[in-house]
$ cat start35.tsv   # TSV, C-alpha atoms
chain	number	residue	atom	x	y	z
Q	1	MET	CA	0.00	0.00	0.00
Q	2	LYS	CA	2.82	2.37	0.90
Q	3	LYS	CA	4.56	1.63	-2.37
Q	4	LEU	CA	1.35	2.32	-4.28
Q	5	ILE	CA	0.97	5.68	-2.55
Q	6	ASN	CA	4.61	6.60	-3.23
Q	7	TYR	CA	4.31	5.62	-6.85
Q	8	SER	CA	1.09	7.59	-7.31
Q	9	PHE	CA	2.58	10.63	-5.61
Q	10	LYS	CA	5.54	10.67	-7.99
Q	11	THR	CA	3.33	10.40	-11.04
Q	12	LEU	CA	1.03	13.10	-9.65
Q	13	LEU	CA	3.97	15.46	-9.26
Q	14	LEU	CA	5.02	14.75	-12.82
Q	15	SER	CA	1.54	15.39	-14.17
Q	16	ALA	CA	1.26	18.60	-12.13
Q	17	PHE	CA	4.54	19.79	-13.61
Q	18	MET	CA	3.27	18.98	-17.09
Q	19	LEU	CA	0.04	20.87	-16.43
Q	20	ILE	CA	1.90	23.94	-15.24
Q	21	SER	CA	4.09	23.93	-18.32
Q	22	MET	CA	1.01	23.53	-20.53
Q	23	ALA	CA	-0.65	26.41	-18.74
Q	24	ALA	CA	2.42	28.57	-19.27
Q	25	VAL	CA	2.41	27.78	-22.97
Q	26	SER	CA	-1.29	28.40	-23.39
Q	27	ALA	CA	-1.00	31.64	-21.43
Q	28	GLN	CA	0.88	33.06	-24.43
Q	29	ASP	CA	-2.40	33.88	-26.11
Q	30	ALA	CA	-2.93	36.40	-28.87
Q	31	ARG	CA	-4.00	39.24	-26.56
Q	32	LEU	CA	-1.71	42.27	-26.57
Q	33	ASN	CA	-1.35	44.60	-23.63
Q	34	PHE	CA	-2.10	48.24	-24.47
Q	35	ASP	CA	-1.80	49.60	-20.93
Q	36	ASN	CA	1.33	51.62	-21.65
Q	37	LEU	CA	-0.57	53.70	-24.21
Q	38	LYS	CA	-2.99	55.19	-21.68
Q	39	GLY	CA	-0.80	58.26	-21.36
Q	40	LEU	CA	-1.32	59.09	-25.04
Q	41	GLU	CA	-5.02	59.79	-24.53
Q	42	ASP	CA	-4.34	63.21	-23.06
Q	43	ARG	CA	-1.89	64.23	-25.77
Q	44	ALA	CA	-3.80	62.96	-28.80
Q	45	ARG	CA	-6.21	65.10	-30.76
Q	46	ASP	CA	-8.43	62.16	-31.68
Q	47	VAL	CA	-8.67	58.87	-29.89
Q	48	VAL	CA	-10.62	55.77	-30.85
Q	49	GLU	CA	-10.71	52.88	-28.43
Q	50	VAL	CA	-12.83	49.83	-29.21
Q	51	ASN	CA	-12.91	46.66	-27.14
Q	52	ILE	CA	-15.28	43.95	-28.27
Q	53	ASP	CA	-15.26	40.60	-26.55
Q	54	GLY	CA	-17.46	38.37	-24.46
Q	55	ASN	CA	-21.13	39.22	-24.32
Q	56	ILE	CA	-20.99	42.23	-26.61
Q	57	LEU	CA	-19.42	40.20	-29.37
Q	58	LYS	CA	-22.00	37.45	-28.98
Q	59	LEU	CA	-24.77	40.02	-29.12
Q	60	ALA	CA	-23.24	41.66	-32.19
Q	61	LYS	CA	-22.99	38.31	-33.97
Q	62	ARG	CA	-26.65	37.63	-33.26
Q	63	VAL	CA	-27.55	41.05	-34.59
Q	64	LEU	CA	-25.62	40.35	-37.81
Q	65	LEU	CA	-27.85	37.35	-38.41
Q	66	LYS	CA	-30.97	39.37	-37.66
Q	67	VAL	CA	-30.25	42.51	-39.59
Q	68	LYS	CA	-31.44	43.27	-43.15
Q	69	ASP	CA	-28.11	44.13	-44.65
Q	70	LYS	CA	-26.47	42.73	-47.77
Q	71	ASP	CA	-23.02	42.57	-46.29
Q	72	ALA	CA	-24.09	41.53	-42.80
Q	73	LYS	CA	-24.20	37.86	-43.73
Q	74	THR	CA	-20.78	38.07	-45.37
Q	75	VAL	CA	-19.38	39.84	-42.37
Q	76	GLY	CA	-20.94	37.23	-40.13
Q	77	GLU	CA	-19.17	34.51	-42.09
Q	78	ALA	CA	-15.87	36.36	-41.89
Q	79	ILE	CA	-16.04	36.68	-38.11
Q	80	LYS	CA	-17.63	33.34	-37.35
Q	81	GLY	CA	-14.89	32.16	-35.04
Q	82	LEU	CA	-13.88	35.57	-33.75
Q	83	GLU	CA	-13.32	35.73	-29.99
Q	84	ALA	CA	-12.35	39.36	-29.46
Q	85	ILE	CA	-11.18	42.45	-31.27
Q	86	TYR	CA	-9.33	45.40	-29.77
Q	87	VAL	CA	-8.63	48.62	-31.64
Q	88	ARG	CA	-6.67	51.73	-30.68
Q	89	VAL	CA	-6.22	54.74	-32.95
Q	90	TYR	CA	-4.44	57.91	-31.83
Q	91	ARG	CA	-4.12	61.03	-33.99
Q	92	PHE	CA	-1.91	63.93	-33.00
Q	93	GLU	CA	-1.96	67.55	-34.04
Q	94	ASN	CA	1.75	67.78	-34.77
Q	95	ALA	CA	4.46	65.35	-35.71
Q	96	ASN	CA	6.53	63.55	-33.05
Q	97	GLU	CA	4.15	64.35	-30.23
Q	98	TYR	CA	4.42	60.84	-28.88
Q	99	ASN	CA	7.28	58.68	-27.80
Q	100	MET	CA	8.09	55.92	-30.27
Q	101	ALA	CA	9.26	53.77	-27.36
Q	102	ASP	CA	5.62	53.36	-26.32
Q	103	VAL	CA	4.82	51.75	-29.65
Q	104	ASP	CA	8.02	49.71	-29.58
Q	105	ILE	CA	6.84	48.14	-26.31
Q	106	ILE	CA	3.80	46.86	-28.19
Q	107	ARG	CA	6.05	45.62	-31.00
Q	108	SER	CA	8.24	43.81	-28.50
Q	109	GLN	CA	5.23	41.76	-27.40
Q	110	LEU	CA	5.05	40.47	-30.96
Q	111	GLN	CA	8.54	39.02	-30.60
Q	112	ASN	CA	7.20	36.46	-28.11
Q	113	PRO	CA	7.05	32.85	-29.30
Q	114	GLY	CA	3.89	32.08	-31.19
Q	115	TRP	CA	3.76	35.25	-33.26
Q	116	GLU	CA	4.82	35.00	-36.90
Q	117	LYS	CA	5.66	38.01	-39.03
Q	118	LEU	CA	3.31	38.35	-41.98
Q	119	ALA	CA	4.33	41.77	-43.28
Q	120	ASN	CA	6.84	44.40	-42.37
Q	121	VAL	CA	6.90	47.71	-44.23
Q	122	ARG	CA	9.12	50.69	-43.48
Q	123	SER	CA	8.86	54.00	-45.23
Q	124	LYS	CA	10.83	57.16	-44.63
Q	125	LYS	CA	7.83	59.20	-45.76
Q	126	ASN	CA	6.15	60.28	-42.53
Q	127	ASN	CA	8.38	57.78	-40.75
Q	128	GLN	CA	5.81	55.08	-41.39
Q	129	LYS	CA	6.25	51.63	-39.88
Q	130	VAL	CA	3.79	48.87	-40.60
Q	131	ASP	CA	3.87	45.46	-38.92
Q	132	VAL	CA	1.43	42.60	-39.34
Q	133	TYR	CA	1.78	39.46	-37.24
Q	134	THR	CA	-0.29	36.31	-36.99
Q	135	MET	CA	-0.50	33.54	-34.45
Q	136	PHE	CA	-1.50	29.99	-35.23
Q	137	SER	CA	-2.59	27.14	-32.98
Q	138	GLY	CA	-1.86	24.21	-35.20
Q	139	ASP	CA	-3.60	24.93	-38.48
Q	140	VAL	CA	-6.09	27.38	-37.03
Q	141	MET	CA	-5.36	31.08	-36.82
Q	142	SER	CA	-5.65	32.25	-33.25
Q	143	GLY	CA	-4.77	35.91	-33.65
Q	144	VAL	CA	-3.77	38.83	-35.82
Q	145	ALA	CA	-1.94	41.99	-34.79
Q	146	VAL	CA	-1.49	45.10	-36.89
Q	147	VAL	CA	0.73	47.95	-35.70
Q	148	ILE	CA	0.96	51.09	-37.84
Q	149	SER	CA	2.89	54.09	-36.63
Q	150	GLU	CA	3.49	57.38	-38.39
Q	151	ASP	CA	4.61	60.87	-37.42
Q	152	LYS	CA	1.14	61.98	-36.50
Q	153	SER	CA	-0.80	58.80	-35.84
Q	154	ILE	CA	-0.73	55.36	-34.28
Q	155	GLY	CA	-3.03	52.54	-35.28
Q	156	LEU	CA	-3.22	49.24	-33.40
Q	157	VAL	CA	-5.50	46.31	-34.13
Q	158	ASN	CA	-5.52	43.07	-32.16
Q	159	VAL	CA	-7.84	40.32	-33.36
Q	160	ILE	CA	-8.21	37.16	-31.32
Q	161	GLY	CA	-9.58	34.14	-33.05
Q	162	PRO	CA	-9.75	33.14	-36.69
Q	163	ILE	CA	-10.79	35.83	-39.14
Q	164	ASP	CA	-10.99	35.96	-42.91
Q	165	ILE	CA	-8.51	38.74	-43.64
Q	166	ASP	CA	-9.03	38.77	-47.41
Q	167	LEU	CA	-12.79	39.05	-47.05
Q	168	LEU	CA	-12.42	41.79	-44.50
Q	169	VAL	CA	-10.14	43.79	-46.78
Q	170	GLU	CA	-12.63	43.35	-49.64
Q	171	LEU	CA	-15.46	44.59	-47.46
Q	172	GLY	CA	-13.48	47.63	-46.38
Q	173	GLY	CA	-15.39	50.72	-47.37
Q	174	LYS	CA	-18.64	48.86	-47.87
Q	175	LEU	CA	-19.31	48.22	-44.22
Q	176	ASN	CA	-22.11	50.24	-42.71
Q	177	ILE	CA	-20.27	52.11	-40.00
Q	178	PRO	CA	-21.42	55.04	-37.90
Q	179	ASP	CA	-20.12	58.52	-38.70
Q	180	LEU	CA	-16.52	58.62	-37.67
Q	181	ASP	CA	-14.48	61.53	-39.01
Q	182	ILE	CA	-11.24	59.92	-37.96
Q	183	GLU	CA	-11.32	57.00	-40.34
Q	184	ILE	CA	-12.83	58.99	-43.21
Q	185	GLY	CA	-10.12	61.61	-42.79
Q	186	ASP	CA	-7.50	58.86	-42.71
Q	187	ASP	CA	-8.26	57.75	-46.28
Q	188	ASP	CA	-8.50	61.32	-47.57
Q	189	GLU	CA	-5.17	62.30	-46.05
Q	190	ASP	CA	-3.54	59.22	-47.49
Q	191	LYS	CA	-4.90	60.09	-50.92
Q	192	LYS	CA	-3.62	63.66	-50.61
Q	193	ARG	CA	-0.20	62.41	-49.56
Q	194	THR	CA	0.04	59.99	-52.49
Q	195	ASP	CA	-1.10	62.72	-54.90
Q	196	ASN	CA	1.51	65.15	-53.57
Q	197	ASP	CA	4.19	62.52	-53.75
Q	198	ASP	CA	3.34	61.68	-57.34
Q	199	ASN	CA	3.54	65.38	-58.27
C	1	MET	CA	58.16	-49.35	-1.41
C	2	LYS	CA	55.92	-52.08	-0.04
C	3	GLU	CA	52.45	-52.17	-1.48
C	4	ASP	CA	50.85	-54.00	1.43
C	5	TYR	CA	51.04	-50.88	3.63
C	6	LEU	CA	49.08	-48.84	1.14
C	7	TRP	CA	46.52	-51.67	0.79
C	8	ASP	CA	45.77	-52.61	4.41
C	9	LYS	CA	48.40	-50.74	6.41
C	10	SER	CA	50.32	-53.90	7.18
C	11	GLY	CA	54.06	-53.69	7.51
C	12	ASN	CA	56.17	-50.56	7.56
C	13	ASP	CA	56.79	-48.03	4.86
C	14	PRO	CA	58.80	-45.07	6.17
C	15	GLU	CA	58.21	-42.82	3.16
C	16	ILE	CA	54.41	-43.18	3.30
C	17	GLU	CA	54.42	-42.71	7.02
C	18	LYS	CA	56.41	-39.51	6.59
C	19	LEU	CA	53.87	-38.17	4.09
C	20	GLU	CA	50.92	-39.10	6.31
C	21	ASN	CA	52.46	-37.30	9.28
C	22	ALA	CA	53.01	-34.17	7.15
C	23	LEU	CA	49.39	-34.10	5.99
C	24	LYS	CA	47.94	-35.07	9.38
C	25	ALA	CA	46.32	-31.65	9.89
C	26	PHE	CA	44.10	-32.08	6.86
C	27	ARG	CA	42.85	-35.46	7.88
C	28	GLN	CA	39.07	-35.76	7.83
C	29	LYS	CA	37.38	-35.72	11.17
C	30	ASP	CA	34.10	-37.55	10.94
C	31	THR	CA	32.95	-36.92	14.49
C	32	THR	CA	32.41	-33.11	14.51
C	33	PRO	CA	29.57	-31.72	12.37
C	34	PRO	CA	30.16	-28.58	10.20
C	35	VAL	CA	29.70	-25.21	11.98
C	36	VAL	CA	26.83	-23.00	10.84
C	37	PRO	CA	27.88	-19.33	10.32
C	38	ALA	CA	26.36	-16.76	12.75
C	39	LYS	CA	24.82	-14.45	10.10
C	40	THR	CA	22.59	-15.91	7.48
C	41	SER	CA	20.86	-14.10	4.62
C	42	THR	CA	17.34	-15.22	3.84
C	43	ILE	CA	15.78	-14.78	0.45
C	44	GLU	CA	12.26	-13.37	0.71
C	45	GLU	CA	9.72	-15.13	-1.27
C	46	LYS	CA	7.78	-12.95	-3.68
C	47	ARG	CA	4.15	-12.87	-2.72
C	48	ASN	CA	1.74	-13.31	-5.49
C	49	ASN	CA	-0.24	-10.04	-5.17
C	50	PRO	CA	-3.32	-10.22	-7.35
C	51	TRP	CA	-3.59	-6.38	-7.48
C	52	GLY	CA	0.04	-5.83	-8.38
C	53	PHE	CA	-0.67	-6.01	-12.06
C	54	PHE	CA	-3.23	-3.19	-11.82
C	55	ARG	CA	-1.10	-0.95	-9.63
C	56	LEU	CA	0.45	0.96	-12.52
C	57	GLY	CA	-2.84	1.14	-14.34
C	58	PHE	CA	-4.72	2.63	-11.38
C	59	ALA	CA	-2.02	5.19	-10.69
C	60	SER	CA	-1.74	6.34	-14.31
C	61	PHE	CA	-5.53	6.50	-14.70
C	62	ALA	CA	-5.84	8.62	-11.58
C	63	CYS	CA	-3.16	11.02	-12.81
C	64	PHE	CA	-4.70	11.25	-16.26
C	65	ALA	CA	-8.15	11.97	-14.83
C	66	LEU	CA	-6.72	14.66	-12.57
C	67	ALA	CA	-4.90	16.25	-15.50
C	68	ILE	CA	-8.09	16.39	-17.59
C	69	ILE	CA	-10.13	17.86	-14.73
C	70	SER	CA	-7.58	20.56	-14.02
C	71	LEU	CA	-7.33	21.40	-17.74
C	72	GLY	CA	-11.09	21.75	-17.90
C	73	VAL	CA	-11.14	24.02	-14.86
C	74	PHE	CA	-8.33	26.10	-16.36
C	75	GLN	CA	-10.18	26.51	-19.68
C	76	PHE	CA	-13.38	27.44	-17.85
C	77	THR	CA	-11.66	30.11	-15.77
C	78	GLN	CA	-9.94	31.51	-18.89
C	79	ASN	CA	-13.29	31.91	-20.65
C	80	GLU	CA	-14.73	33.62	-17.59
C	81	THR	CA	-11.93	36.19	-17.43
C	82	GLN	CA	-12.23	37.01	-21.14
C	83	SER	CA	-15.94	37.89	-20.95
C	84	ILE	CA	-16.77	41.44	-19.85
C	85	ALA	CA	-19.61	42.41	-17.60
C	86	LYS	CA	-22.87	43.49	-19.16
C	87	ILE	CA	-22.99	47.21	-19.65
C	88	ASP	CA	-25.89	48.87	-17.95
C	89	LEU	CA	-26.74	51.53	-20.48
C	90	LYS	CA	-29.30	53.24	-18.29
C	91	LYS	CA	-26.72	54.12	-15.68
C	92	SER	CA	-23.99	55.26	-18.09
C	93	VAL	CA	-22.85	58.90	-18.12
C	94	ILE	CA	-21.73	60.85	-21.19
C	95	GLU	CA	-18.63	62.82	-21.88
C	96	PRO	CA	-19.56	65.61	-24.22
C	97	VAL	CA	-17.81	65.39	-27.57
C	98	THR	CA	-15.97	68.67	-28.24
C	99	LYS	CA	-14.30	69.91	-31.40
C	100	LYS	CA	-10.88	69.96	-29.74
C	101	ASN	CA	-10.93	66.49	-28.36
C	102	ASP	CA	-13.14	64.04	-30.23
C	103	TYR	CA	-12.76	61.28	-27.74
C	104	ILE	CA	-15.14	58.39	-27.84
C	105	LYS	CA	-14.73	55.72	-25.18
C	106	GLN	CA	-16.15	52.24	-25.59
C	107	ASP	CA	-17.86	52.03	-22.24
C	108	THR	CA	-19.66	55.39	-22.28
C	109	ILE	CA	-22.80	56.18	-24.20
C	110	SER	CA	-24.41	59.48	-24.95
C	111	LYS	CA	-27.29	60.18	-22.61
C	112	GLU	CA	-28.75	62.35	-25.33
C	113	ILE	CA	-28.68	59.51	-27.80
C	114	PHE	CA	-30.26	57.16	-25.29
C	115	THR	CA	-33.04	59.57	-24.39
C	116	GLU	CA	-33.69	60.30	-28.05
C	117	GLU	CA	-34.05	56.62	-28.71
C	118	LYS	CA	-36.40	56.29	-25.78
C	119	GLN	CA	-38.58	59.07	-27.12
C	120	ASN	CA	-38.62	57.68	-30.62
C	121	LYS	CA	-39.59	54.22	-29.31
C	122	PRO	CA	-38.49	52.00	-32.17
C	123	THR	CA	-41.24	49.70	-33.30
C	124	VAL	CA	-40.48	46.05	-32.96
C	125	VAL	CA	-41.90	43.74	-35.58
C	126	LYS	CA	-44.02	41.15	-33.79
C	127	ALA	CA	-44.79	37.84	-35.32
C	128	THR	CA	-48.51	37.50	-36.08
C	129	PHE	CA	-50.39	34.41	-37.13
C	130	LYS	CA	-53.88	33.33	-38.01
C	131	PRO	CA	-54.97	30.49	-35.76
C	132	THR	CA	-56.70	27.48	-37.31
C	133	LYS	CA	-60.17	26.29	-36.23
C	134	LYS	CA	-58.81	23.87	-33.66
C	135	LYS	CA	-56.60	26.51	-32.21
C	136	LYS	CA	-59.49	28.98	-32.20
C	137	ARG	CA	-61.56	26.53	-30.15
C	138	LYS	CA	-58.67	26.10	-27.79
C	139	ILE	CA	-58.32	29.84	-27.43
C	140	ILE	CA	-62.06	30.26	-26.82
C	141	ASN	CA	-62.07	27.48	-24.28
C	142	ARG	CA	-59.11	28.98	-22.61
C	143	LYS	CA	-60.81	32.33	-22.39
C	144	LYS	CA	-63.86	30.71	-20.79
C	145	VAL	CA	-61.71	28.96	-18.28
C	146	ALA	CA	-59.88	32.18	-17.54
C	147	LYS	CA	-63.16	33.97	-16.92
C	148	LYS	CA	-64.40	31.21	-14.66
C	149	SER	CA	-61.27	31.02	-12.63
C	150	THR	CA	-61.16	33.28	-9.68
C	151	HIS	CA	-57.38	33.25	-9.50
C	152	LYS	CA	-55.73	36.43	-10.72
C	153	THR	CA	-52.80	34.66	-12.29
C	154	ALA	CA	-54.05	32.23	-14.93
C	155	ILE	CA	-51.56	29.90	-16.48
C	156	ARG	CA	-51.64	30.06	-20.28
C	157	LYS	CA	-50.08	27.46	-22.45
C	158	LYS	CA	-47.83	28.81	-25.15
C	159	VAL	CA	-48.88	28.03	-28.68
C	160	LYS	CA	-45.96	26.96	-30.79
C	161	THR	CA	-45.49	28.74	-34.07
C	162	ASN	CA	-43.26	27.59	-36.86
C	163	LEU	CA	-42.63	30.93	-38.52
C	164	PRO	CA	-39.31	31.80	-40.12
C	165	GLU	CA	-37.23	34.46	-38.40
C	166	GLN	CA	-37.99	37.86	-39.79
C	167	LYS	CA	-35.11	40.15	-40.68
C	168	VAL	CA	-35.25	43.56	-39.07
C	169	GLU	CA	-33.94	46.95	-40.03
C	170	ILE	CA	-31.03	48.44	-38.14
C	171	SER	CA	-33.30	51.17	-36.83
C	172	GLU	CA	-35.55	48.58	-35.27
C	173	LEU	CA	-32.87	47.11	-33.05
C	174	THR	CA	-32.79	47.73	-29.34
C	175	ALA	CA	-30.29	50.18	-27.92
C	176	GLU	CA	-28.00	47.43	-26.69
C	177	GLU	CA	-28.10	45.60	-30.02
C	178	LYS	CA	-27.47	48.78	-31.93
C	179	TYR	CA	-24.55	49.67	-29.70
C	180	ALA	CA	-23.00	46.21	-30.07
C	181	TYR	CA	-23.55	46.23	-33.82
C	182	ASN	CA	-22.08	49.71	-34.25
C	183	GLN	CA	-19.07	48.91	-32.12
C	184	LEU	CA	-18.39	45.75	-34.09
C	185	MET	CA	-18.77	47.52	-37.43
C	186	LYS	CA	-16.47	50.31	-36.25
C	187	ALA	CA	-13.82	47.83	-35.18
C	188	LEU	CA	-14.09	45.84	-38.40
C	189	ALA	CA	-13.99	48.99	-40.53
C	190	ILE	CA	-10.82	50.19	-38.82
C	191	THR	CA	-9.30	46.72	-39.08
C	192	SER	CA	-10.09	46.44	-42.76
C	193	SER	CA	-8.75	49.94	-43.47
C	194	LYS	CA	-5.48	49.15	-41.70
C	195	LEU	CA	-5.16	45.84	-43.53
C	196	LYS	CA	-5.86	47.62	-46.77
C	197	ILE	CA	-3.05	50.07	-46.05
C	198	VAL	CA	-0.72	47.13	-45.54
C	199	LYS	CA	-1.93	45.45	-48.70
C	200	ASP	CA	-1.48	48.64	-50.74
C	201	LYS	CA	1.98	49.17	-49.33
C	202	VAL	CA	3.05	45.63	-50.11
C	203	GLN	CA	1.56	45.76	-53.59
C	204	GLY	CA	3.12	49.16	-54.18
C	205	LEU	CA	6.54	47.75	-53.35
C	206	ASP	CA	5.98	44.71	-55.55
C	207	ASN	CA	4.87	46.81	-58.51
C	208	LYS	CA	7.99	49.00	-58.50
C	209	PRO	CA	10.13	48.27	-61.57
C	210	VAL	CA	13.39	46.58	-60.65
C	211	GLY	CA	15.84	48.39	-62.95
C	212	LYS	CA	14.67	51.90	-62.21
C	213	SER	CA	17.47	52.75	-59.81
C	214	LEU	CA	20.20	51.52	-62.15
C	215	ARG	CA	20.93	54.46	-64.41
$ encode --input "start35.tsv" --output "structure tokens"
Amino acid sequence: MKKLINYSFKTLLLSAFMLISMAAVSAQDARLNFDNLKGLEDRARDVVEVNIDGNILKLAKRVLLKVKDKDAKTVGEAIKGLEAIYVRVYRFENANEYNMADVDIIRSQLQNPGWEKLANVRSKKNNQKVDVYTMFSGDVMSGVAVVISEDKSIGLVNVIGPIDIDLLVELGGKLNIPDLDIEIGDDDEDKKRTDNDDN
Amino acid sequence: MKEDYLWDKSGNDPEIEKLENALKAFRQKDTTPPVVPAKTSTIEEKRNNPWGFFRLGFASFACFALAIISLGVFQFTQNETQSIAKIDLKKSVIEPVTKKNDYIKQDTISKEIFTEEKQNKPTVVKATFKPTKKKKRKIINRKKVAKKSTHKTAIRKKVKTNLPEQKVEISELTAEEKYAYNQLMKALAITSSKLKIVKDKVQGLDNKPVGKSLR
């Protein structure tokens, strides 16, 4: 009996150790920490902060099925497995009003194991840096992270769960969104910049 | 050498006698039995334990079951922490949106918007149906019973309807649904615009002619 107890205790310790290691690995989920950017809210001219997860996301998915909208069904399909989506957009009045180190802290989180670089674009125009990372659990996408920083703006998107990126890009511009000057202005300013550069 | 001495010890043979005297110490002594050593090691017999075969199986099964249970508890707690509390829209307070600082937080809603929606009272499309004869009789009977009964709370049986779900306009959604829908659309619009920027940048780099810089 004593031997049985000793033997079981040893195997229990081993399984506990395995569980802890598994927990540590699974704790590296696709969620990014944006806490260090809270200080930018006071300095930015425009701030957009969107956090959708849990009950709100479930409710929104149900609404997509209910609503009479051509693209709602397509959007619903694109975000079928979505678990959460976090967005931060900061626009500043003048260039270099924020510390690039704050954004680099976010980028450093993407160096953790699990994240794979999908795209990396650097441009000296407006000091633009674009990073797109994805995380996979086996064959299933478990997260996407987009970090775009320029002289006057920062854009961060963190998607948790599988999402159809191509479909989402196609639907861009067609989605029925509420009036939001920030995003509309974003496209216009980009167009102006490209026009000026071409000239 | 005389052979008779070796055969039956008759006669004298000095050489043999000399050898016998030399080896006298090693002569066999039949009278004293061999001495048993003080310390003896005993070999334990292995008991035939009928449960010994299952010992490993029981232990491994117990560990496996414990691992699965703890994994399930861990997953459950992770899901709980990811979900956010329901937002009570009635109690929320606005921050007025100014020209200088167009700041819109996720967890605050405009009181003005909420009160406007309350005043407008969006109409909800209710499912209507024409009951068949049998159902009409049931309804009539039920009404009679309800009249007869003196109890204030009459239990009514729900009539099942097999109508398809009707799609509703965005304006007909409740405040919570509209808020959730708008927030999701906002997030997806921003996400798609950012991804489009990336796509355009990457395509722009790919489309650049290779030999342009070599002049």
$ closest_residue --input "start35.tsv" --among "Q:Glu150, Q:Glu97, Q:Asp104, Q:Asp53" --to "chain C" --atoms "all atoms listed in the file"
Q:Asp53
$ atom_distance --input "start35.tsv" --atom1 "atom CA of Ile160 of chain Q" --atom2 "atom CA of Ala145 of chain Q"
8.6 Å
$ residues_around --input "start35.tsv" --residues "Ile154 of chain Q" --least-positions-apart "3" --cutoff "8 Å" --atoms "all atoms listed in the file" --output "number ranges by chain"
Q: 88-91, 147-150
$ closest_residue --input "start35.tsv" --among "Q:Lys117, Q:Arg107, Q:Lys61, Q:Lys3" --to "Tyr133 of chain Q" --atoms "only C-alpha atoms"
Q:Lys117
$ atom_distance --input "start35.tsv" --atom1 "atom CA of Leu184 of chain C" --atom2 "atom CA of Ala60 of chain Q"
6.6 Å
$ interface_residues --input "start35.tsv" --of "chain Q" --to "chain C" --cutoff "6 Å" --atoms "all atoms listed in the file" --output "list in words"
Ser8, Leu12, Arg45, Asp46, Val47, Glu49, Val50, Gly54, Ile56, Ala60, Lys66, Val67, Lys68, Leu168, Val169, Gly172 and Ile177 of chain Q
$ residues_around --input "start35.tsv" --residues "Thr134 of chain Q" --least-positions-apart "3" --cutoff "9 Å" --atoms "all atoms listed in the file" --output "ChimeraX atom specification"
/Q:30,114-118,141-146
$ atom_distance --input "start35.tsv" --atom1 "atom CA of Ala44 of chain Q" --atom2 "atom CA of Phe92 of chain Q"
4.7 Å
$ residues_around --input "start35.tsv" --residues "Leu167 of chain Q" --least-positions-apart "6" --cutoff "9 Å" --atoms "all atoms listed in the file" --output "number ranges by chain"
Q: 74-75, 78; C: 192
